Every structure is written in structure tokens, then in C-alpha cells.
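Read through the structure below, which is laid out as C-alpha cells, and then see the notes.
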Amino acid sequence: MGDSQGYAYDGGMALKITGVVDPALLDLPWSVPLETWPQDTLAALPRGISRHVVRFVRFHGRVLAVKETVSPMAHREFDMLRELGRMGAPCVVPFAVVDGRQDADGEELAAALVTEHLQFSLPYRALFSQALRDDTLDRLIDALAVLLVRLHLLGFYWGDVSLSNALFRRDAEAFSAYLVDAETGDLHHALTEGQRRYDIDLARTNIIGEMFDLQAAEELDNAVDPLELGDRIEERYRELWSALTGKETFSENVRYHLAERVKALNELGFDVAELDMTQTSDGKELSIRPKVVDAGHHSRRLLRLTGLDVQENQARRLLNDLDEFRAVFSPDEDEVLVAHEWLARVFEPTVRAVPREFRRKLEPAQVFHEVLDHRWFLAEKRPDVTMPEAAASYVKNVLPERPDEEAVLGQIIGTVPSDESEAPTETRAIRAWQSLPRTRTGTQARDNHPR
Amino acid sequence: MATVTYDKASRIYPGTERPAVDALELDIADGEFLVLVGPSGCGKSTSLRMLAGLEDIDAGSIWVGDRDVTHVQPKDRDIAMVFQSYALYPHMTVADNMGFALKIAKVDKSEIRERVEAAAKILDLTEYLDRKPKALSGGQRQRVAMGRAIVRQPQVFLMDEPLSNLDAKLRVQTRTQIAALQRRLGTTTVYVTHDQVEALTMGDRIAVLKDGLLQQVGSPRDMYDAPANVFVAGFIGSPAMNIGTYSVNGDFAQIGNSQVALSRQALAGLKAEDNNRVVVGFRPESLDRVAPNSDGAFPIQVDVVEELGSDAYVYGSIPTDAPGAGEIHFDAGDSEVIVRIDPRDVPKKGDSVWVKIREGEQHVFSSASGDRLSAAVQTDKAL
Ligand SMILES: Nc1ncnc2c1ncn2[C@@H]1O[C@H](COP(=O)(O)OP(=O)(O)OP(=O)(O)O)[C@@H](O)[C@H]1O
Ligand SMILES: Nc1ncnc2c1ncn2[C@@H]1O[C@H](COP(=O)(O)OP(=O)(O)OP(=O)(O)O)[C@@H](O)[C@H]1O
Ligand SMILES: [Mg+2]
Ligand SMILES: [Mg+2]
């Protein structure tokens, strides 16, 4: 994805595109306000609350999100998202900024920020139109807390934390949250206590407001207490932050404690890249404090072993299955070789068992996770259910019954003409369906260190 | 209501050398609308967050009224930060949108309604209280957002670039509304912006910051007519002031090939370290067109003429024979001068127009320190 600027002269006024080199972007109806774009260019996907006009646009087999805003803000947000992406933050991918828009009468129109629509993502409101599992809300809040901690570790001050400004993807049992609105953010070497606290306060206030709103819309049971959910984000954030950055002091058996700490962080999904160790002034005790931690412990390990690029909890689940496979089939074999074996014999056949028409419902790794769950469920009645059996049963009995993602994604994306729907997209999740295993191309930097 | 005092308050971010805010001294009067303005990174937001209790104060102290709040928790400071960004909840009534922060603070229902109604009255939103935000215009939505802060009835409002993502029209409209509202409420307000026009139009007083250092504090008129140093002179006003460094010959500055008389006061302030050089500033509207070769006049070689309806501006350069005789630096580009001219008598590119700095409208600064040497300029420009 190179950088360039393109100009199109339209009645003397120059439309200016910064970002992606794709002349086709000029064909979108930039000379009318986004609110009145023709239906056939739009994809009616669900969105969160926003002040600006935001629409999803079909664009050569993929979906782009277009937001109208003032030009300096659009550029600022574009740069910020790009920088965050470079640092490995979970956020939407910026595509372009369109400036110099004019309508037919020569009236100036707002600039537009274009981002790639995050595949398989659900704005939180979409999750409420479905039968909610009791703990869905809790899991959303937890995911937002993880996102906030990760962003803060990178030195990103958000300035507008809310459920609306994040997107959620299913991630095995849990959700992963992605940053979508970076307009108010700032990057620093490290954040101060006060900067973090302000973000947490904002998160709390906004979540409570968003819950009140859902209740006003009668989409959320009045028995749910918004204030409790607001407090939850704060608690979760603090727990995770201190687990990741807290200082511990030991007087003996330091080696053991150190290993335990690293293990605990791994289990939380983080790798320790740098650790501070200091001796107390009397020389009797040793303090350890993680200095740089990188999210994605499990997804990195899975990527290394199999080339599969999936979310953290999905990776955790897949790795468990892989480890089991190894224990049963070839405990002494090299890990990487076994991983390839597992891919070919377990993962791919399972995922390929999903007929084409269902492939838009869930990501492959999520399907695999659900098939594992389903096998577990079947095993209660009959032990020794094989993966192919579980997959077949899942496809027959479970997948068609999933109204949720169908309502959110299937129905709407399903209206894309079928030839277009087969076109490759840039989004990793979709590419995964097309060529398995999915290997990360090139050496994409995963530099999570604060600058 | 309360005064706010920054008493040599500093903030040094961990891992940095230079304070982000350096010994800030500022007295804000009860009920005053004070605007903190300066370029990006100058420490505006940090100053505001120090007052809110969101940033440690590494030296000095901050007072609200006669209370030292330096070590007081944010929630106990009785200060409301107006969120830079606000979301209106589509399914909640305007009243609920305004009052929900009080609900979070567990204020009781009747009290919430009372405060919301009072705020709505001030904001001219009474008839909308039970409607949904969808029914509101852009300006009204903006007022609901302000209502959220008003219902908290704090001693001080803090606002950090609240207009930055509005389009130009709504920005101008909302700017006026916020200023009018603040005057009506009489609540002490500290407002941060990087936009000097916003500062000039909204503030009772303006504090200009640069690199964490307070440059000047005063009324918009003070800033405009008597900028304390070269930085403020260049920062306040648009188009920007023409500023150049010139050599001094006796009582005159050598501008181009011309001799421009300097005021007695300015001359008296010159010191040895100025090395016979002086910084002279003149606003684009402080020049009169005069006959060629008049006393103290200099020619401008016209590059571009910009016509803006009621105004026209000439962008040009001052021709000079002796290299180094005149140097001009300012926003518009090196050695370019901006002159406001009568739109009915517009020169062409390549023409030479002779201009003279109007009597008493010179801003003279020390070339060594950048500090102001001349007396305040008297203008009647509406700010
Ligand atoms: N790239 C994207 N992929 C998926 N959804 C998106 C994307 N960009 C925007 N959205 C959706 O659009 C909504 C609004 O976008 P965004 O939050 O950037 O707008 P905004 O007007 O700046 O919001 P705010 O009022 O919080 O400032 C988001 O909540 C999200 O649901
Ligand atoms: N956590 C931090 N660590 C280090 N430096 C910081 C931190 N937060 C802010 N700074 C720096 O402190 C200085 C002042 O920042 P501040 O945000 O107060 O500036 P500002 O005037 O509000 O700028 P802007 O108009 O860009 O918002 C800047 O140089 C900024 O980079
Ligand atoms: Mg948003
Ligand atoms: Mg925004």
C-alpha cells in the first residue's frame, strides 16, 4: 500500500486523495453529501453512535467505511491510525483521506476519512438485537478494558473511550475489541497516571450512558445496572494494568518467582519483552517489574507454528488442540512438523467442511473453536466423536441456526452479487477462507514497543 | 464561583528534560473567561489538566478560590471538564441526555429534574426537554452537550478545544454561543484553543503559551495592540503581522532602501547586545499608500493580490539593493510582506506600490531578546 496523492479536476475544483493508490476511489460520488449517496453504493452494515455522518461503501468486493469530517481532523485521524497500526495496536486500517470535495453548485463539502471495514466486526449495538447470553455485556466490557490497557501500554491516550468507538470481534469464548475512532487521541512515550485515569473515567461515563440509551430503546433489560457495568471497566482495567506493570519484591527463590510472573503474563496473552530487576538498597531483596510487554503471546506462537493469523483467544484454543494432537500422535516429533500435520489433518478439513454459503458467518478460527465446543457437547452422549463427525454435525445442526451473525453480516453482505463476493479482499479474515493455511506475507513488523 | 490561581506551577513529564509547563503564574478572576492559546505542544492541555487534577504538579501550586488544590483529588475540586467530544444518545430524551452525569453521581431524581430545567432555560432548550436529540439542529445539540456540564454546577468549567471537529460555520456559531452562555452563567472558565481567532473573539483575557512558558496575558486588545514580544506579535492576528529584523542607522531603521524613523521610546530601549539591529513589526492594515519616494515610505513589489470582498491584500516583497539591509520573516513566507489595500484601487502583479507605516503603528522589539521596546499601538480595529 503506497502513499500518493491523486487529483481529479471536476469543474475546476481539485478533489484530492491522500493515502491508497487506487484511482477507482475517484469514481465514488464525492460530489454529493454522504447522507445522500445512492443506496446501491452503500452496504447497510450496523454502526455505533456517531456525530459525524458515517456510511459503509461497497468497493470492488470489499467494504470501506467513509466518515465525513473537517479536513485537519480527517488527516490527523488517518495519520494516527496509521501510526497505531505500525505499532501493532488493534485498530481499523486507514485507507484514504478525500479533500476538496464540492457539490454541483460549487459548494464545499466536508472532507472524508476512509477506513477499511473491519471484517467480522460487530458494533456493540448489533449484539443487542440478538438473544443475549447473560454475560455478553460483561465480555464486551472486558474486551474494551483489554483494548484500553493495550493502547495505554503503547502510549496512546484515547480521549474518547466508549463502546461506540470500538468494534468487537468474536474471539473464541470472548470478544476482542478494536479501536475505531482515534480522532481525539494522542501518542506519547508513556502516559501519566492522570492521562490514563481520564480515559478510564471517560470509559466509565460513556459506557453508563450507552447502557442507559439501550435501556431507553428497550433493547436492554432494566434489571441490568449500568452503573455496575461502568464500575466493571474500571476494575478490569486496574487488575490487568497491575498484573502487567506491577512491581513485586522477593527475598528468596527469585528465579522461581520470575518464571511464575512470566507464565502468568503469558496466560494473560502477553509476552515479556523487557523486565526491570532492581536490588533493594539493603541488597537483600530483588524487585521485578515488566517494562515492555507485547500482547499476542498465543497468536504469535500459533503464527510461528502454522502461519495462521488469528485472534488471541482463538489462538489459545487452537494451540490447546494442537498440543493435544501432539501428545496423542507424536509426542517426540518436532513442534513445527507436528503443527503442519495438525493443519493438514485437523484444522483444514474442519474448516473446509463449512459450505460456501455459510462462510460469511464466522471466521475460520471461530468456526474451529465452535466445532471443538460442539464436539465437547456431542461427547457427553457419545465419547470418541471425531473432528469430521463433529464438523458435519455442527454444519448441519448449529451453523444454519445462527441468526445473529447472519442478521448482522449475512443478510447484508449476502446481497453483494455473487461474483463480486468471491473477489479477493485485503481483509485477512476473508483471505483465510480462500487459501489455507494462511501465512503472513512478508515481514510485517509487529513492534509493540512504545516509542 | 471562584478565582483560579496558578502559582509558579510546573509539570515535568517523566522521561523528559524540559517542563511541559514551566512555572506558570496566572490569576484568573471570579467569573472570568480565560483562553489559553498557543501552538501545538506548548502546554495548554497540560495546564488545564493540572487544574483538573489529572496531572501532577511538580513544583508550585494551584488554588481555586482560597483553597490550595495542588494535592486535592480531581473529584473533590468542584471543576467540570467539558468533554472534547460528546455523544448524544439517540433514544434518550434531551433531559436525560443532559442529566445522566448526575444520575451517575446518584443525585436524586427531583434535584436532577430541577437542575436540568434550570439549565434548559438558560440554553433555550426548555421546549425540547422531552424530545429526542434527532429533533434538534446542530447548534442545539451543541447546547445539550454544554448542558451536561452546566447541570453539574461546578465552580470552574474547563474546555479543551471543544470546537475542533465542527465545520467552519457551526464553529463560528457555537463560539458565540459558548461565550454568551458563559457570560450569562458567570462561571469562571478556562478554555484551551490553538486558534488565535477563537481566542480573540471569546476570551475576556488571553494567555499565550509557548514551549511551556507564559508569554503574555491580557485582553484581546492588549494582545493585538501591544504584543509583549516577537512571538506574540507573530502569533496573534490574521493575516499575521509583518515582522523583520533591520539595521539601525541613528534614529532610523533601514527597511529596504528606505529610512524609517523609530520612536523615541524604542530607541531608548536599545541595548549594546542588540548590535544596532532592531525587529520592526507592522500589521497589514497599518500601512498607508503614499506617493513614491515620500519620507519614511518604501516600495512593495506586488506578487499576488487577494481580493476578499470588503478587503484586498497585496503579497509582495521589499526590493533592496544592499543585501542584508532588510530581512523579513513571517508566516506568509520569507521576505514576503502583506499589505491591506483599498479594494477599489487594486494594483497588478509586478506593480510597485509605495507604503508607509502609519504614525504610532510600529511595533518595535529588541533583536537580542525579542521583547517589546515601543509603546502600545492605538488601533480601532474591531477584534
Ligand atoms: N472501519 C470501520 N469498520 C467498521 N465499522 C466502522 C469503521 N469505521 C467506522 N465504523 C462504524 O461507524 C461508527 C462511527 O464512526 P466514528 O466513531 O469514527 O464516528 P464519529 O462521528 O467520529 O464518532 P464520535 O461521535 O464518537 O466522535 C463506529 O461506531 C463504527 O460502528
Ligand atoms: N505523557 C507524556 N509524556 C511525555 N510528554 C508528554 C506527555 N503528555 C504530553 N507531553 C508533552 O508535553 C508537551 C505539552 O503537551 P500539551 O498536550 O499540554 O500541549 P498542547 O499545547 O495542548 O498541544 P496540542 O495543541 O497539540 O494539544 C508536548 O510537548 C507533549 O508532547
Ligand atoms: Mg465515534
Ligand atoms: Mg470522533
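Simple scheme: letters A, B, ... for chains in C-alpha cells order, numbers from 1 for residues in each chain, numbers from 1 for ligands in the order shown.
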**OP:** List all protein, DNA and RNA residues that have an atom no more than 8 Å from any atom of ligand 1, counting only C-alpha atoms and all ligand atoms, and report them as a PyMOL selection string.
**Re:** (chain A and resi 46-56+64-69+92-94+114-119+121-124+160+162-167+180-183) or (chain B and resi 85-87)
Produce a table with one row for each residue of chain B that has an atom at most 8 Å from any atom of chain A, each row naming the nearest atom pair and its distance in Å at one decimal; use only C-alpha atoms; arrange rows by chain and rising residue number; format as a tab-separated table.
```
residue	atom	partner	partner_atom	distance
B:Tyr13	CA	A:Thr192	CA	7.7
B:Pro14	CA	A:Thr192	CA	8.0
B:Gly53	CA	A:Gly194	CA	7.7
B:Leu54	CA	A:Gly194	CA	4.2
B:Glu55	CA	A:Gly194	CA	5.1
B:Asp56	CA	A:Gly194	CA	7.6
B:Gln84	CA	A:Thr184	CA	7.8
B:Ser85	CA	A:Asp160	CA	6.8
B:Ala87	CA	A:Arg51	CA	6.7
B:Leu88	CA	A:Arg51	CA	7.9
B:Tyr89	CA	A:Asp213	CA	5.9
B:Pro90	CA	A:Asp213	CA	7.2
B:His91	CA	A:Ala217	CA	5.4
B:Met92	CA	A:Asp213	CA	5.7
B:Phe100	CA	A:Gly209	CA	7.0
B:Ala101	CA	A:Thr205	CA	7.4
B:Ile104	CA	A:Leu227	CA	6.8
B:Ser164	CA	A:Met73	CA	7.9
B:Asn165	CA	A:Val70	CA	6.2
B:Leu166	CA	A:Val70	CA	6.9
B:Asp167	CA	A:Val70	CA	6.0
```
Can I get the selected residues back with N, CA and C atoms, as a PDB file, in the first residue's frame?
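Output file again-v5.pdb follows:
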```
ATOM      1  N   TYR B  13       7.070  16.041  32.568  1.00  0.00           N
ATOM      2  CA  TYR B  13       6.674  14.654  32.309  1.00  0.00           C
ATOM      3  C   TYR B  13       7.847  13.726  32.563  1.00  0.00           C
ATOM      4  N   PRO B  14       7.555  12.574  33.155  1.00  0.00           N
ATOM      5  CA  PRO B  14       8.640  11.612  33.390  1.00  0.00           C
ATOM      6  C   PRO B  14       9.366  11.314  32.083  1.00  0.00           C
ATOM      7  N   GLY B  53      -6.674  18.380  38.088  1.00  0.00           N
ATOM      8  CA  GLY B  53      -6.161  17.355  38.993  1.00  0.00           C
ATOM      9  C   GLY B  53      -5.763  16.092  38.266  1.00  0.00           C
ATOM     10  N   LEU B  54      -5.653  16.175  36.947  1.00  0.00           N
ATOM     11  CA  LEU B  54      -5.312  14.993  36.167  1.00  0.00           C
ATOM     12  C   LEU B  54      -3.830  14.929  35.850  1.00  0.00           C
ATOM     13  N   GLU B  55      -3.090  15.918  36.289  1.00  0.00           N
ATOM     14  CA  GLU B  55      -1.657  15.893  36.040  1.00  0.00           C
ATOM     15  C   GLU B  55      -0.969  16.355  37.318  1.00  0.00           C
ATOM     16  N   ASP B  56       0.071  15.675  37.711  1.00  0.00           N
ATOM     17  CA  ASP B  56       0.797  16.072  38.919  1.00  0.00           C
ATOM     18  C   ASP B  56       1.362  17.474  38.748  1.00  0.00           C
ATOM     19  N   GLN B  84     -14.247  17.007  25.284  1.00  0.00           N
ATOM     20  CA  GLN B  84     -13.904  17.478  23.953  1.00  0.00           C
ATOM     21  C   GLN B  84     -14.907  16.903  22.957  1.00  0.00           C
ATOM     22  N   SER B  85     -15.321  15.701  23.247  1.00  0.00           N
ATOM     23  CA  SER B  85     -16.240  15.097  22.323  1.00  0.00           C
ATOM     24  C   SER B  85     -17.439  14.656  23.133  1.00  0.00           C
ATOM     25  N   ALA B  87     -21.273  12.567  22.936  1.00  0.00           N
ATOM     26  CA  ALA B  87     -22.183  11.786  22.122  1.00  0.00           C
ATOM     27  C   ALA B  87     -23.576  12.066  22.653  1.00  0.00           C
ATOM     28  N   LEU B  88     -24.515  12.304  21.773  1.00  0.00           N
ATOM     29  CA  LEU B  88     -25.897  12.414  22.233  1.00  0.00           C
ATOM     30  C   LEU B  88     -26.528  11.050  22.034  1.00  0.00           C
ATOM     31  N   TYR B  89     -27.220  10.599  23.058  1.00  0.00           N
ATOM     32  CA  TYR B  89     -27.810   9.271  22.976  1.00  0.00           C
ATOM     33  C   TYR B  89     -29.167   9.352  22.303  1.00  0.00           C
ATOM     34  N   PRO B  90     -29.316   8.640  21.191  1.00  0.00           N
ATOM     35  CA  PRO B  90     -30.494   8.842  20.334  1.00  0.00           C
ATOM     36  C   PRO B  90     -31.832   8.444  20.968  1.00  0.00           C
ATOM     37  N   HIS B  91     -31.810   7.479  21.879  1.00  0.00           N
ATOM     38  CA  HIS B  91     -33.094   7.019  22.430  1.00  0.00           C
ATOM     39  C   HIS B  91     -33.468   7.717  23.716  1.00  0.00           C
ATOM     40  N   MET B  92     -32.551   8.511  24.230  1.00  0.00           N
ATOM     41  CA  MET B  92     -32.843   9.208  25.482  1.00  0.00           C
ATOM     42  C   MET B  92     -33.358  10.610  25.180  1.00  0.00           C
ATOM     43  N   PHE B 100     -27.673  12.830  32.734  1.00  0.00           N
ATOM     44  CA  PHE B 100     -27.236  11.487  33.109  1.00  0.00           C
ATOM     45  C   PHE B 100     -25.977  11.455  33.964  1.00  0.00           C
ATOM     46  N   ALA B 101     -25.168  12.488  33.846  1.00  0.00           N
ATOM     47  CA  ALA B 101     -23.980  12.514  34.714  1.00  0.00           C
ATOM     48  C   ALA B 101     -24.388  12.663  36.181  1.00  0.00           C
ATOM     49  N   ILE B 104     -25.398   9.351  37.421  1.00  0.00           N
ATOM     50  CA  ILE B 104     -24.222   8.566  37.789  1.00  0.00           C
ATOM     51  C   ILE B 104     -23.730   8.990  39.172  1.00  0.00           C
ATOM     52  N   SER B 164     -13.109  21.782  17.872  1.00  0.00           N
ATOM     53  CA  SER B 164     -12.139  21.421  16.843  1.00  0.00           C
ATOM     54  C   SER B 164     -12.719  20.566  15.730  1.00  0.00           C
ATOM     55  N   ASN B 165     -13.774  19.811  15.996  1.00  0.00           N
ATOM     56  CA  ASN B 165     -14.258  18.992  14.881  1.00  0.00           C
ATOM     57  C   ASN B 165     -15.567  19.490  14.280  1.00  0.00           C
ATOM     58  N   LEU B 166     -15.862  20.759  14.500  1.00  0.00           N
ATOM     59  CA  LEU B 166     -17.047  21.329  13.854  1.00  0.00           C
ATOM     60  C   LEU B 166     -16.637  21.993  12.545  1.00  0.00           C
ATOM     61  N   ASP B 167     -17.589  22.033  11.614  1.00  0.00           N
ATOM     62  CA  ASP B 167     -17.265  22.739  10.381  1.00  0.00           C
ATOM     63  C   ASP B 167     -17.264  24.240  10.657  1.00  0.00           C
TER      64      ASP B 167
END
```
**OP:** Pick out the residues sitting within 6 Å of Leu286 of chain A, and hand them over as JSON, numbers by chain; count only C-alpha atoms, and ignore anything fewer than 4 positions along from it in its own chain.
**Re:** {"A": [249, 250, 278, 279, 280]}
**OP:** Mind listing the alpha helix (DSSP H) residues of segment 133-328 of chain A, per DSSP on the backbone, as a PyMOL selection string?
**Re:** chain A and resi 136-153+193-216+226-245+254-267+297-306+312-328
Original post:
For ligand 4, which residue out of B:Pro347, B:Pro162, B:Gly138, B:Gly186 is the nearest one, using only C-alpha atoms and all ligand atoms?
Top reply: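 The shortest atom-to-atom distance to ligand 4 comes from B:Pro162.
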